[in-house]
>>> print(open('input.pdb').read())   # PDB, C-alpha atoms and all ligand atoms
ATOM      1  CA  MET A 261       9.729  -3.221  -6.978
ATOM      2  CA  ALA A 262       8.056  -1.884  -3.823
ATOM      3  CA  TYR A 263       6.449   1.526  -3.395
ATOM      4  CA  CYS A 264       5.630   3.579  -0.332
ATOM      5  CA  ASP A 265       1.956   2.683  -0.616
ATOM      6  CA  ASN A 266       2.943  -0.965  -0.068
ATOM      7  CA  CYS A 267       4.444  -0.015   3.324
ATOM      8  CA  ARG A 268       2.757  -0.215   6.719
ATOM      9  CA  TYR A 269       3.930   3.332   7.558
ATOM     10  CA  PHE A 270       2.082   4.914   4.630
ATOM     11  CA  PHE A 271      -0.964   6.959   5.736
ATOM     12  CA  PRO A 272      -2.854   8.745   2.930
ATOM     13  CA  VAL A 273      -3.951  12.327   3.549
ATOM     14  CA  PRO A 274      -7.745  12.224   4.036
ATOM     15  CA  GLU A 275      -9.856  13.712   1.234
ATOM     16  CA  ASN A 276     -11.638  16.090   3.621
ATOM     17  CA  THR A 277      -8.449  17.938   4.619
ATOM     18  CA  ASP A 278      -7.000  21.146   3.155
ATOM     19  CA  ASP A 279      -3.731  19.554   2.009
ATOM     20  CA  TYR A 280      -5.353  16.594   0.246
ATOM     21  CA  MET A 281      -3.865  15.661  -3.121
ATOM     22  CA  PRO A 282      -4.296  12.301  -4.871
ATOM     23  CA  GLY A 283      -1.400  10.046  -3.865
ATOM     24  CA  LYS A 284      -0.178  12.347  -1.094
ATOM     25  CA  ALA A 285       0.478  10.747   2.276
ATOM     26  CA  ASP A 286       2.463  10.885   5.478
ATOM     27  CA  CYS A 287       5.122   8.400   6.462
ATOM     28  CA  ILE A 288       4.608   8.007  10.214
ATOM     29  CA  ARG A 289       6.939   5.809  12.225
ATOM     30  CA  GLU A 290       7.519   5.234  15.915
ATOM     31  CA  GLU A 291      11.133   5.479  17.089
ATOM     32  CA  VAL A 292      12.588   4.541  20.465
ATOM     33  CA  ASP A 293      15.717   5.949  22.075
ATOM     34  CA  HIS A 294      17.121   6.020  25.607
ATOM     35  CA  LYS A 295      14.544   8.683  26.647
ATOM     36  CA  GLY A 296      11.508   6.814  25.358
ATOM     37  CA  SER A 297       9.410   6.537  22.228
ATOM     38  CA  PHE A 298       8.408   9.289  19.797
ATOM     39  CA  TRP A 299       6.826   9.647  16.375
ATOM     40  CA  LEU A 300       8.464  10.820  13.161
ATOM     41  CA  SER A 301       6.424  12.103  10.232
ATOM     42  CA  LYS A 302       7.369  13.197   6.731
ATOM     43  CA  PRO A 303       5.405  13.749   3.521
ATOM     44  CA  VAL A 304       5.574  11.045   0.873
ATOM     45  CA  VAL A 305       3.716  10.143  -2.293
ATOM     46  CA  ASN A 306       2.310   6.758  -3.175
ATOM     47  CA  ARG A 307       4.713   6.047  -6.059
ATOM     48  CA  ASN A 308       7.933   6.725  -4.149
ATOM     49  CA  ILE A 309      10.208   3.762  -4.757
ATOM     50  CA  ALA A 310      10.727   2.030  -1.414
ATOM     51  CA  ASP A 311      13.373  -0.513  -2.400
ATOM     52  CA  ASN A 312      16.191   1.431  -0.723
ATOM     53  CA  CYS A 313      14.237   2.565   2.343
ATOM     54  CA  PRO A 314      15.651   0.870   5.470
ATOM     55  CA  TYR A 315      12.294   1.245   7.262
ATOM     56  CA  PHE A 316      10.076  -0.388   4.649
ATOM     57  CA  ILE A 317       7.792  -3.067   6.082
ATOM     58  CA  PRO A 318       5.160  -4.559   3.771
ATOM     59  CA  ARG A 319       1.584  -3.885   4.802
ATOM     60  CA  PHE A 320      -0.640  -6.889   5.197
ATOM     61  CA  ILE A 321      -3.892  -6.916   3.283
ATOM     62  CA  VAL A 322      -6.652  -8.928   4.877
ATOM     63  CA  GLU A 323      -9.184 -10.095   2.324
ATOM     64  CA  THR A 324     -12.662 -10.896   3.584
TER      65      THR A 324
HETATM   66  S1  LIG A 401       9.552   6.341   3.255
HETATM   67 FE1  LIG A 401      10.092   4.215   3.846
HETATM   68  S2  LIG A 401       9.073   3.900   5.814
HETATM   69 FE2  LIG A 401       8.136   5.701   4.881
HETATM   70  S3  LIG A 401       6.334   4.930   3.795
HETATM   71 FE3  LIG A 401       8.021   4.986   2.333
HETATM   72  S4  LIG A 401       8.915   2.928   2.419
HETATM   73 FE4  LIG A 401       7.667   3.184   4.255
END
>>> encode(input="input.pdb", output="structure tokens", more="lines below")
Ligand code: SF4
Amino acid sequence: MAYCDNCRYFFPVPENTDDYMPGKADCIREEVDHKGSFWLSKPVVNRNIADNCPYFIPRFIVET
């Protein structure tokens, strides 16, 4: 099972912001239509199940 926090479009809300809550994040994706590209954003939480999301792309973790 995949979760939103496994997705490359998952951006956690920084701790130093007013709307910070543990697990809270924004799903930010770039879309392109005939006029050009634009960004879409919506609130998500880390444990949202992503299995049925058509936009899910696994994030790559680079271990050093
Ligand atoms: S809603 Fe979909 S695209 Fe957005 S973070 Fe979750 S799995 Fe990724």
>>> axis_aligned_box(input="input.pdb", around="stretch 305-311 of chain A", padding_each_side="3 Å", output="JSON")
{"center_x": 7.8, "center_y": 4.8, "center_z": -3.7, "size_x": 17.1, "size_y": 16.7, "size_z": 10.6}
>>> resolve_selection(input="input.pdb", expression="the PyMOL selection byres (((chain A and resi 265) around 8) and not hetatm)", output="VMD selection string")
chain A and resid 263 to 264 266 to 268 270 305 to 307
>>> residues_near_ligand(input="input.pdb", ligand="ligand LIG 401 (chain A)", cutoff="9 Å", atoms="all atoms listed in the file", output="JSON, numbers by chain")
{"A": [262, 263, 264, 265, 266, 267, 268, 269, 270, 271, 285, 286, 287, 288, 289, 301, 302, 303, 304, 305, 306, 308, 309, 310, 311, 312, 313, 314, 315, 316, 317, 318]}
>>> write_last_selection(input="input.pdb", atoms="C-alpha atoms", output="mmCIF file, in the frame of the given file")
data_model
loop_
_atom_site.group_PDB
_atom_site.id
_atom_site.type_symbol
_atom_site.label_atom_id
_atom_site.label_comp_id
_atom_site.auth_asym_id
_atom_site.auth_seq_id
_atom_site.Cartn_x
_atom_site.Cartn_y
_atom_site.Cartn_z
ATOM 1 C CA ALA A 262 8.056 -1.884 -3.823
ATOM 2 C CA TYR A 263 6.449 1.526 -3.395
ATOM 3 C CA CYS A 264 5.630 3.579 -0.332
ATOM 4 C CA ASP A 265 1.956 2.683 -0.616
ATOM 5 C CA ASN A 266 2.943 -0.965 -0.068
ATOM 6 C CA CYS A 267 4.444 -0.015 3.324
ATOM 7 C CA ARG A 268 2.757 -0.215 6.719
ATOM 8 C CA TYR A 269 3.930 3.332 7.558
ATOM 9 C CA PHE A 270 2.082 4.914 4.630
ATOM 10 C CA PHE A 271 -0.964 6.959 5.736
ATOM 11 C CA ALA A 285 0.478 10.747 2.276
ATOM 12 C CA ASP A 286 2.463 10.885 5.478
ATOM 13 C CA CYS A 287 5.122 8.400 6.462
ATOM 14 C CA ILE A 288 4.608 8.007 10.214
ATOM 15 C CA ARG A 289 6.939 5.809 12.225
ATOM 16 C CA SER A 301 6.424 12.103 10.232
ATOM 17 C CA LYS A 302 7.369 13.197 6.731
ATOM 18 C CA PRO A 303 5.405 13.749 3.521
ATOM 19 C CA VAL A 304 5.574 11.045 0.873
ATOM 20 C CA VAL A 305 3.716 10.143 -2.293
ATOM 21 C CA ASN A 306 2.310 6.758 -3.175
ATOM 22 C CA ASN A 308 7.933 6.725 -4.149
ATOM 23 C CA ILE A 309 10.208 3.762 -4.757
ATOM 24 C CA ALA A 310 10.727 2.030 -1.414
ATOM 25 C CA ASP A 311 13.373 -0.513 -2.400
ATOM 26 C CA ASN A 312 16.191 1.431 -0.723
ATOM 27 C CA CYS A 313 14.237 2.565 2.343
ATOM 28 C CA PRO A 314 15.651 0.870 5.470
ATOM 29 C CA TYR A 315 12.294 1.245 7.262
ATOM 30 C CA PHE A 316 10.076 -0.388 4.649
ATOM 31 C CA ILE A 317 7.792 -3.067 6.082
ATOM 32 C CA PRO A 318 5.160 -4.559 3.771
#
>>> atom_distance(input="input.pdb", atom1="atom CA of A:Phe320", atom2="atom CA of A:Glu290")
18.1 Å
>>> atom_distance(input="input.pdb", atom1="atom CA of A:Val273", atom2="atom CA of A:Trp299")
17.0 Å
>>> decode(input="input.pdb", residues="stretch 283-307 of chain A", atoms="N, CA and C atoms", output="PDB file, in the first residue's frame")
ATOM      1  N   GLY A 283       2.330  15.820  10.057  1.00  0.00           N
ATOM      2  CA  GLY A 283       1.723  15.026   8.990  1.00  0.00           C
ATOM      3  C   GLY A 283       1.021  15.830   7.921  1.00  0.00           C
ATOM      4  N   LYS A 284       0.828  17.132   8.171  1.00  0.00           N
ATOM      5  CA  LYS A 284       0.121  17.978   7.205  1.00  0.00           C
ATOM      6  C   LYS A 284       1.063  18.387   6.077  1.00  0.00           C
ATOM      7  N   ALA A 285       0.528  18.412   4.859  1.00  0.00           N
ATOM      8  CA  ALA A 285       1.366  18.727   3.708  1.00  0.00           C
ATOM      9  C   ALA A 285       0.516  19.306   2.589  1.00  0.00           C
ATOM     10  N   ASP A 286       1.197  19.727   1.544  1.00  0.00           N
ATOM     11  CA  ASP A 286       0.531  20.163   0.323  1.00  0.00           C
ATOM     12  C   ASP A 286       0.916  19.206  -0.791  1.00  0.00           C
ATOM     13  N   CYS A 287      -0.083  18.881  -1.596  1.00  0.00           N
ATOM     14  CA  CYS A 287       0.146  18.135  -2.832  1.00  0.00           C
ATOM     15  C   CYS A 287       0.260  19.182  -3.926  1.00  0.00           C
ATOM     16  N   ILE A 288       1.440  19.318  -4.500  1.00  0.00           N
ATOM     17  CA  ILE A 288       1.695  20.365  -5.500  1.00  0.00           C
ATOM     18  C   ILE A 288       2.159  19.705  -6.789  1.00  0.00           C
ATOM     19  N   ARG A 289       1.350  19.911  -7.830  1.00  0.00           N
ATOM     20  CA  ARG A 289       1.651  19.289  -9.126  1.00  0.00           C
ATOM     21  C   ARG A 289       1.611  20.321 -10.236  1.00  0.00           C
ATOM     22  N   GLU A 290       2.460  20.137 -11.235  1.00  0.00           N
ATOM     23  CA  GLU A 290       2.440  20.990 -12.408  1.00  0.00           C
ATOM     24  C   GLU A 290       1.544  20.350 -13.462  1.00  0.00           C
ATOM     25  N   GLU A 291       0.658  21.152 -14.020  1.00  0.00           N
ATOM     26  CA  GLU A 291      -0.221  20.697 -15.115  1.00  0.00           C
ATOM     27  C   GLU A 291       0.098  21.515 -16.365  1.00  0.00           C
ATOM     28  N   VAL A 292      -0.201  20.948 -17.509  1.00  0.00           N
ATOM     29  CA  VAL A 292       0.021  21.654 -18.779  1.00  0.00           C
ATOM     30  C   VAL A 292      -1.250  21.524 -19.608  1.00  0.00           C
ATOM     31  N   ASP A 293      -1.726  22.664 -20.128  1.00  0.00           N
ATOM     32  CA  ASP A 293      -2.831  22.618 -21.081  1.00  0.00           C
ATOM     33  C   ASP A 293      -2.445  23.438 -22.313  1.00  0.00           C
ATOM     34  N   HIS A 294      -3.415  23.721 -23.173  1.00  0.00           N
ATOM     35  CA  HIS A 294      -3.095  24.404 -24.427  1.00  0.00           C
ATOM     36  C   HIS A 294      -2.610  25.843 -24.216  1.00  0.00           C
ATOM     37  N   LYS A 295      -2.841  26.423 -23.033  1.00  0.00           N
ATOM     38  CA  LYS A 295      -2.382  27.793 -22.747  1.00  0.00           C
ATOM     39  C   LYS A 295      -0.998  27.821 -22.104  1.00  0.00           C
ATOM     40  N   GLY A 296      -0.553  26.699 -21.582  1.00  0.00           N
ATOM     41  CA  GLY A 296       0.745  26.671 -20.917  1.00  0.00           C
ATOM     42  C   GLY A 296       0.693  25.826 -19.662  1.00  0.00           C
ATOM     43  N   SER A 297       1.683  26.016 -18.804  1.00  0.00           N
ATOM     44  CA  SER A 297       1.766  25.219 -17.583  1.00  0.00           C
ATOM     45  C   SER A 297       1.304  26.047 -16.382  1.00  0.00           C
ATOM     46  N   PHE A 298       0.806  25.349 -15.363  1.00  0.00           N
ATOM     47  CA  PHE A 298       0.353  25.986 -14.133  1.00  0.00           C
ATOM     48  C   PHE A 298       0.473  24.972 -13.007  1.00  0.00           C
ATOM     49  N   TRP A 299       0.365  25.488 -11.773  1.00  0.00           N
ATOM     50  CA  TRP A 299       0.534  24.631 -10.601  1.00  0.00           C
ATOM     51  C   TRP A 299      -0.793  24.443  -9.886  1.00  0.00           C
ATOM     52  N   LEU A 300      -1.036  23.234  -9.428  1.00  0.00           N
ATOM     53  CA  LEU A 300      -2.208  22.917  -8.619  1.00  0.00           C
ATOM     54  C   LEU A 300      -1.731  22.524  -7.229  1.00  0.00           C
ATOM     55  N   SER A 301      -2.450  22.988  -6.212  1.00  0.00           N
ATOM     56  CA  SER A 301      -2.086  22.676  -4.836  1.00  0.00           C
ATOM     57  C   SER A 301      -3.335  22.315  -4.048  1.00  0.00           C
ATOM     58  N   LYS A 302      -3.216  21.295  -3.209  1.00  0.00           N
ATOM     59  CA  LYS A 302      -4.314  20.956  -2.302  1.00  0.00           C
ATOM     60  C   LYS A 302      -3.717  20.373  -1.027  1.00  0.00           C
ATOM     61  N   PRO A 303      -4.415  20.554   0.108  1.00  0.00           N
ATOM     62  CA  PRO A 303      -3.897  19.997   1.355  1.00  0.00           C
ATOM     63  C   PRO A 303      -4.056  18.479   1.397  1.00  0.00           C
ATOM     64  N   VAL A 304      -3.069  17.827   1.948  1.00  0.00           N
ATOM     65  CA  VAL A 304      -3.111  16.375   2.142  1.00  0.00           C
ATOM     66  C   VAL A 304      -2.460  16.057   3.487  1.00  0.00           C
ATOM     67  N   VAL A 305      -2.633  14.840   3.933  1.00  0.00           N
ATOM     68  CA  VAL A 305      -1.922  14.379   5.123  1.00  0.00           C
ATOM     69  C   VAL A 305      -1.101  13.144   4.748  1.00  0.00           C
ATOM     70  N   ASN A 306      -0.073  12.915   5.528  1.00  0.00           N
ATOM     71  CA  ASN A 306       0.915  11.898   5.167  1.00  0.00           C
ATOM     72  C   ASN A 306       0.348  10.492   5.021  1.00  0.00           C
ATOM     73  N   ARG A 307      -0.722  10.168   5.764  1.00  0.00           N
ATOM     74  CA  ARG A 307      -1.247   8.800   5.736  1.00  0.00           C
ATOM     75  C   ARG A 307      -2.429   8.631   4.796  1.00  0.00           C
TER      76      ARG A 307
END
